[in-house]
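Trainee: Attaching a single structure in structure tokens format; questions to follow.
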Amino acid sequence: MTAKEIHERVRELCPGGVEDLDEQGLEPFFKVKPASLKEVCLALRDDAALKLSVLSDLTAVDLPTENVIQVVYHLYCYETRQEIVVKADVDRDAPRIATVEDVWKVANWFEREVFDLFGVVFEGHSDLRRILLPEDWVGYPLRKDFVEQEEYDGISTEREPLVPENMR
């Protein structure tokens, strides 16, 4: 099944929930309306023609000029070797979207990582807390406007250069 066929099937199953397919880049993708995310993900996983039962990656991209954080889902089917990328744009000022951990269990850790590094709140997540940074860390390091603190917990965040001064 091609990306176009996957997209057409999802449009049939979830009318009004998805936007046009984009095949311009390396990986074809289509955008999902955030309110339809759960319905679309269940269709992608459960439909007998699709069987995209693996969430191989879930990440995000900060797009400050558009005032959105784009949540990106990479889906795969081992049986048919089909894959597709699904994206959902959330408001950068209050980034919220439904969890998909009840669709794919691995989403639990992926969503915690995106929460920790981008600040996206996954509504309904069973244990949404930081996974890489301390609970009292200020900010979200993968946002384009993140400014690192000069120190954390009394420790300087300034790093020594990796190349010795006499070799620069």
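In the structure tokens, each chain is lettered A, B, ... as it comes, each chain's residues begin at 1, and ligands are numbered from 1 in order of appearance.
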For Thr2 of chain A, please output as a compact mmCIF listing (two decimals) with all heavy atoms, in the first residue's frame all residues within 10 Å (counting only C-alpha atoms; exclusion window: fewer than 6 positions along the same chain).
Mentor:
```txt
# COMPACT_ATOMS: atom_id res chain seq x y z
N GLU A 8 -5.70 7.89 1.79
CA GLU A 8 -7.09 7.80 1.32
C GLU A 8 -7.92 6.91 2.23
O GLU A 8 -9.08 7.23 2.52
CB GLU A 8 -7.12 7.27 -0.12
CG GLU A 8 -6.63 8.28 -1.13
CD GLU A 8 -6.47 7.72 -2.55
OE1 GLU A 8 -6.81 6.53 -2.78
OE2 GLU A 8 -6.00 8.47 -3.41
N PRO A 28 6.84 10.59 3.31
CA PRO A 28 5.49 11.13 3.12
C PRO A 28 4.77 11.26 4.47
O PRO A 28 4.98 10.45 5.37
CB PRO A 28 4.79 10.09 2.25
CG PRO A 28 5.71 8.95 2.09
CD PRO A 28 7.02 9.29 2.72
N GLN A 82 4.98 -1.39 5.60
CA GLN A 82 4.47 -0.06 5.29
C GLN A 82 4.85 0.89 6.41
O GLN A 82 4.97 0.47 7.56
CB GLN A 82 2.94 -0.10 5.20
CG GLN A 82 2.41 -0.95 4.10
CD GLN A 82 0.90 -1.03 4.17
OE1 GLN A 82 0.26 -0.55 3.27
NE2 GLN A 82 0.35 -1.61 5.20
N GLU A 83 5.02 2.15 6.05
CA GLU A 83 5.27 3.17 7.06
C GLU A 83 4.66 4.48 6.62
O GLU A 83 4.46 4.72 5.43
CB GLU A 83 6.77 3.33 7.33
CG GLU A 83 7.60 3.67 6.12
CD GLU A 83 9.09 3.65 6.41
OE1 GLU A 83 9.48 3.93 7.55
OE2 GLU A 83 9.84 3.36 5.49
N ILE A 84 4.36 5.29 7.61
CA ILE A 84 3.80 6.62 7.34
C ILE A 84 4.14 7.52 8.52
O ILE A 84 4.34 7.04 9.63
CB ILE A 84 2.27 6.58 7.09
CG1 ILE A 84 1.74 7.88 6.49
CG2 ILE A 84 1.53 6.24 8.36
CD1 ILE A 84 2.04 8.08 5.05
```
Trainee: Please list as JSON, numbers by chain every residue within 8 Å of Asp116 of chain A, counting only C-alpha atoms and excluding residues in the same chain fewer than 4 positions away.
Mentor: {"A": [112, 120, 129, 130, 131, 132, 133, 140]}
Trainee: For the selection you just gave me, I'd like the residues written to a file as a CSV table (one decimal), in the first residue's frame, keeping N, CA and C atoms.
Mentor:
```csv
chain,number,residue,atom,x,y,z
A,112,ARG,N,6.7,11.3,27.4
A,112,ARG,CA,7.4,12.0,28.5
A,112,ARG,C,8.6,12.7,28.0
A,120,VAL,N,5.2,19.9,25.7
A,120,VAL,CA,3.9,19.4,25.3
A,120,VAL,C,3.2,18.6,26.4
A,129,ARG,N,5.7,13.2,33.6
A,129,ARG,CA,6.7,14.0,34.4
A,129,ARG,C,8.0,13.9,33.6
A,130,ARG,N,8.9,14.7,34.0
A,130,ARG,CA,10.2,14.8,33.3
A,130,ARG,C,10.9,13.4,33.3
A,131,ILE,N,11.6,13.1,32.3
A,131,ILE,CA,12.3,11.8,32.2
A,131,ILE,C,13.8,12.0,32.0
A,132,LEU,N,14.2,13.1,31.5
A,132,LEU,CA,15.7,13.4,31.4
A,132,LEU,C,16.2,14.4,32.3
A,133,LEU,N,15.4,15.4,32.6
A,133,LEU,CA,15.9,16.6,33.4
A,133,LEU,C,15.3,16.5,34.8
A,140,TYR,N,12.3,24.4,28.5
A,140,TYR,CA,12.3,23.2,27.6
A,140,TYR,C,13.4,23.4,26.6
```
Trainee: Might you pull out every residue within 8 Å of segment 34-51 of chain A, with only C-alpha atoms counted and same-chain residues fewer than 3 positions away left off, and present them as a PDB file with N, CA and C atoms, in the first residue's frame?
Mentor:
```pdb
ATOM      1  N   ILE A   6      -2.715   4.772   1.904  1.00  0.00           N
ATOM      2  CA  ILE A   6      -2.891   4.847   3.359  1.00  0.00           C
ATOM      3  C   ILE A   6      -3.694   6.103   3.708  1.00  0.00           C
ATOM      4  N   VAL A  10      -7.439   6.364   5.478  1.00  0.00           N
ATOM      5  CA  VAL A  10      -7.679   7.086   6.733  1.00  0.00           C
ATOM      6  C   VAL A  10      -8.744   8.166   6.527  1.00  0.00           C
ATOM      7  N   LEU A  13     -12.013   6.435   6.766  1.00  0.00           N
ATOM      8  CA  LEU A  13     -12.326   5.987   8.124  1.00  0.00           C
ATOM      9  C   LEU A  13     -12.576   7.142   9.091  1.00  0.00           C
ATOM     10  N   CYS A  14     -11.914   8.274   8.862  1.00  0.00           N
ATOM     11  CA  CYS A  14     -11.995   9.427   9.776  1.00  0.00           C
ATOM     12  C   CYS A  14     -12.271  10.699   8.978  1.00  0.00           C
ATOM     13  N   GLY A  17     -10.861  14.393   9.666  1.00  0.00           N
ATOM     14  CA  GLY A  17      -9.821  14.327  10.692  1.00  0.00           C
ATOM     15  C   GLY A  17      -8.409  14.539  10.198  1.00  0.00           C
ATOM     16  N   VAL A  18      -8.213  14.433   8.874  1.00  0.00           N
ATOM     17  CA  VAL A  18      -6.856  14.552   8.344  1.00  0.00           C
ATOM     18  C   VAL A  18      -6.798  15.574   7.217  1.00  0.00           C
ATOM     19  N   VAL A  54       2.974  -0.436  14.994  1.00  0.00           N
ATOM     20  CA  VAL A  54       4.204  -0.043  15.683  1.00  0.00           C
ATOM     21  C   VAL A  54       4.374   1.475  15.636  1.00  0.00           C
ATOM     22  N   CYS A  77       4.417  -1.036   9.966  1.00  0.00           N
ATOM     23  CA  CYS A  77       3.808  -2.361  10.004  1.00  0.00           C
ATOM     24  C   CYS A  77       4.866  -3.375   9.576  1.00  0.00           C
ATOM     25  N   ALA A  88       0.831  16.469  14.008  1.00  0.00           N
ATOM     26  CA  ALA A  88      -0.256  17.265  14.581  1.00  0.00           C
ATOM     27  C   ALA A  88       0.343  18.556  15.128  1.00  0.00           C
ATOM     28  N   ASP A  89      -0.218  19.682  14.719  1.00  0.00           N
ATOM     29  CA  ASP A  89       0.247  20.989  15.186  1.00  0.00           C
ATOM     30  C   ASP A  89      -0.543  21.400  16.426  1.00  0.00           C
ATOM     31  N   VAL A  90       0.198  21.780  17.480  1.00  0.00           N
ATOM     32  CA  VAL A  90      -0.435  22.271  18.696  1.00  0.00           C
ATOM     33  C   VAL A  90       0.051  23.692  18.977  1.00  0.00           C
ATOM     34  N   ILE A  97      -2.258  17.952  23.729  1.00  0.00           N
ATOM     35  CA  ILE A  97      -2.813  16.979  22.784  1.00  0.00           C
ATOM     36  C   ILE A  97      -3.078  15.695  23.555  1.00  0.00           C
ATOM     37  N   ALA A  98      -3.971  14.875  23.054  1.00  0.00           N
ATOM     38  CA  ALA A  98      -4.316  13.618  23.728  1.00  0.00           C
ATOM     39  C   ALA A  98      -3.133  12.646  23.705  1.00  0.00           C
ATOM     40  N   THR A  99      -3.013  11.878  24.764  1.00  0.00           N
ATOM     41  CA  THR A  99      -2.005  10.824  24.794  1.00  0.00           C
ATOM     42  C   THR A  99      -2.414   9.699  23.840  1.00  0.00           C
ATOM     43  N   VAL A 100      -1.421   8.984  23.330  1.00  0.00           N
ATOM     44  CA  VAL A 100      -1.696   7.777  22.546  1.00  0.00           C
ATOM     45  C   VAL A 100      -1.071   6.559  23.225  1.00  0.00           C
ATOM     46  N   VAL A 103      -2.966   3.530  22.869  1.00  0.00           N
ATOM     47  CA  VAL A 103      -2.948   2.960  21.517  1.00  0.00           C
ATOM     48  C   VAL A 103      -1.659   2.173  21.326  1.00  0.00           C
TER      49      VAL A 103
END
```
Trainee: List as an MDAnalysis selection string the protein and nucleic acid residues near segment 59-70 of chain A, meaning an atom at most 8 Å away when only C-alpha atoms are counted, but skip any in the same chain fewer than 4 places from it.
Mentor: chainID A and resid 87:93 95 110:111 114 118 120 142:144
Trainee: Could you write out that same residue set with N, CA, C and O atoms as a tab-separated table (two decimals), in the first residue's frame?
Mentor:
```tsv
chain	number	residue	atom	x	y	z
A	87	LYS	N	1.54	13.97	11.55
A	87	LYS	CA	1.93	15.15	12.32
A	87	LYS	C	0.69	15.88	12.83
A	87	LYS	O	-0.34	15.90	12.16
A	88	ALA	N	0.83	16.47	14.01
A	88	ALA	CA	-0.26	17.26	14.58
A	88	ALA	C	0.34	18.56	15.13
A	88	ALA	O	1.30	18.52	15.89
A	89	ASP	N	-0.22	19.68	14.72
A	89	ASP	CA	0.25	20.99	15.19
A	89	ASP	C	-0.54	21.40	16.43
A	89	ASP	O	-1.77	21.38	16.42
A	90	VAL	N	0.20	21.78	17.48
A	90	VAL	CA	-0.43	22.27	18.70
A	90	VAL	C	0.05	23.69	18.98
A	90	VAL	O	1.15	24.07	18.57
A	91	ASP	N	-0.77	24.45	19.65
A	91	ASP	CA	-0.46	25.84	19.98
A	91	ASP	C	0.80	25.91	20.84
A	91	ASP	O	0.88	25.26	21.88
A	92	ARG	N	1.77	26.66	20.40
A	92	ARG	CA	3.06	26.75	21.11
A	92	ARG	C	2.90	27.35	22.50
A	92	ARG	O	3.63	27.01	23.43
A	93	ASP	N	1.95	28.26	22.67
A	93	ASP	CA	1.77	28.92	23.96
A	93	ASP	C	1.09	28.02	25.00
A	93	ASP	O	1.26	28.24	26.21
A	95	PRO	N	0.72	24.10	24.58
A	95	PRO	CA	0.75	22.86	23.78
A	95	PRO	C	0.12	21.68	24.50
A	95	PRO	O	0.66	21.16	25.47
A	110	PHE	N	8.00	7.99	25.06
A	110	PHE	CA	8.18	9.00	24.01
A	110	PHE	C	7.49	10.31	24.41
A	110	PHE	O	8.05	11.39	24.25
A	111	GLU	N	6.27	10.20	24.92
A	111	GLU	CA	5.53	11.41	25.31
A	111	GLU	C	6.18	12.11	26.49
A	111	GLU	O	6.22	13.34	26.54
A	114	VAL	N	9.04	14.15	25.02
A	114	VAL	CA	8.56	15.36	24.34
A	114	VAL	C	8.05	16.38	25.36
A	114	VAL	O	8.28	17.58	25.22
A	118	PHE	N	10.12	19.72	25.16
A	118	PHE	CA	9.36	20.72	24.40
A	118	PHE	C	8.21	21.34	25.20
A	118	PHE	O	7.66	22.34	24.80
A	120	VAL	N	5.18	19.85	25.75
A	120	VAL	CA	3.87	19.43	25.27
A	120	VAL	C	3.19	18.59	26.36
A	120	VAL	O	3.78	17.63	26.86
A	142	LEU	N	14.68	21.97	23.97
A	142	LEU	CA	14.64	21.85	22.51
A	142	LEU	C	13.76	22.89	21.83
A	142	LEU	O	13.59	22.86	20.61
A	143	ARG	N	13.26	23.83	22.61
A	143	ARG	CA	12.57	24.96	21.99
A	143	ARG	C	13.60	25.94	21.47
A	143	ARG	O	14.65	26.14	22.08
A	144	LYS	N	13.30	26.55	20.36
A	144	LYS	CA	14.25	27.46	19.70
A	144	LYS	C	14.64	28.65	20.57
A	144	LYS	O	15.74	29.16	20.45
```
Trainee: Apply DSSP to the backbone of this structure and, from chain A, keep only the residues in helix (DSSP H, G or I); write these as a PyMOL selection string.
Mentor: chain A and resi 3-13+34-46+64-66+107-118+165-167
Trainee: Find the distance between atom CA of Ala94 of chain A and atom CA of Phe115 of chain A and write it in Å to one decimal.
Mentor: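 These atoms are spaced 12.0 Å apart.
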Trainee: Please identify the strand (DSSP E) residues within segment 71-140 of chain A (assignment by DSSP from backbone atoms) and present them as a list in words.
Mentor: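 So, restricting segment 71-140 of chain A to strand (DSSP E), we get Val71, Val72, Tyr73, His74, Leu75, Tyr76, Cys77, Gln82, Glu83, Ile84, Val85, Val86, Lys87, Ala88, Asp89, Val90, Asp91, Arg96, Ile97, Ala98, Val121, Phe122 and Glu123 of chain A.
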Trainee: How many Å separate atom CA of Leu162 of chain A from atom CA of Val138 of chain A?
Mentor: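 These atoms are spaced 26.1 Å apart.
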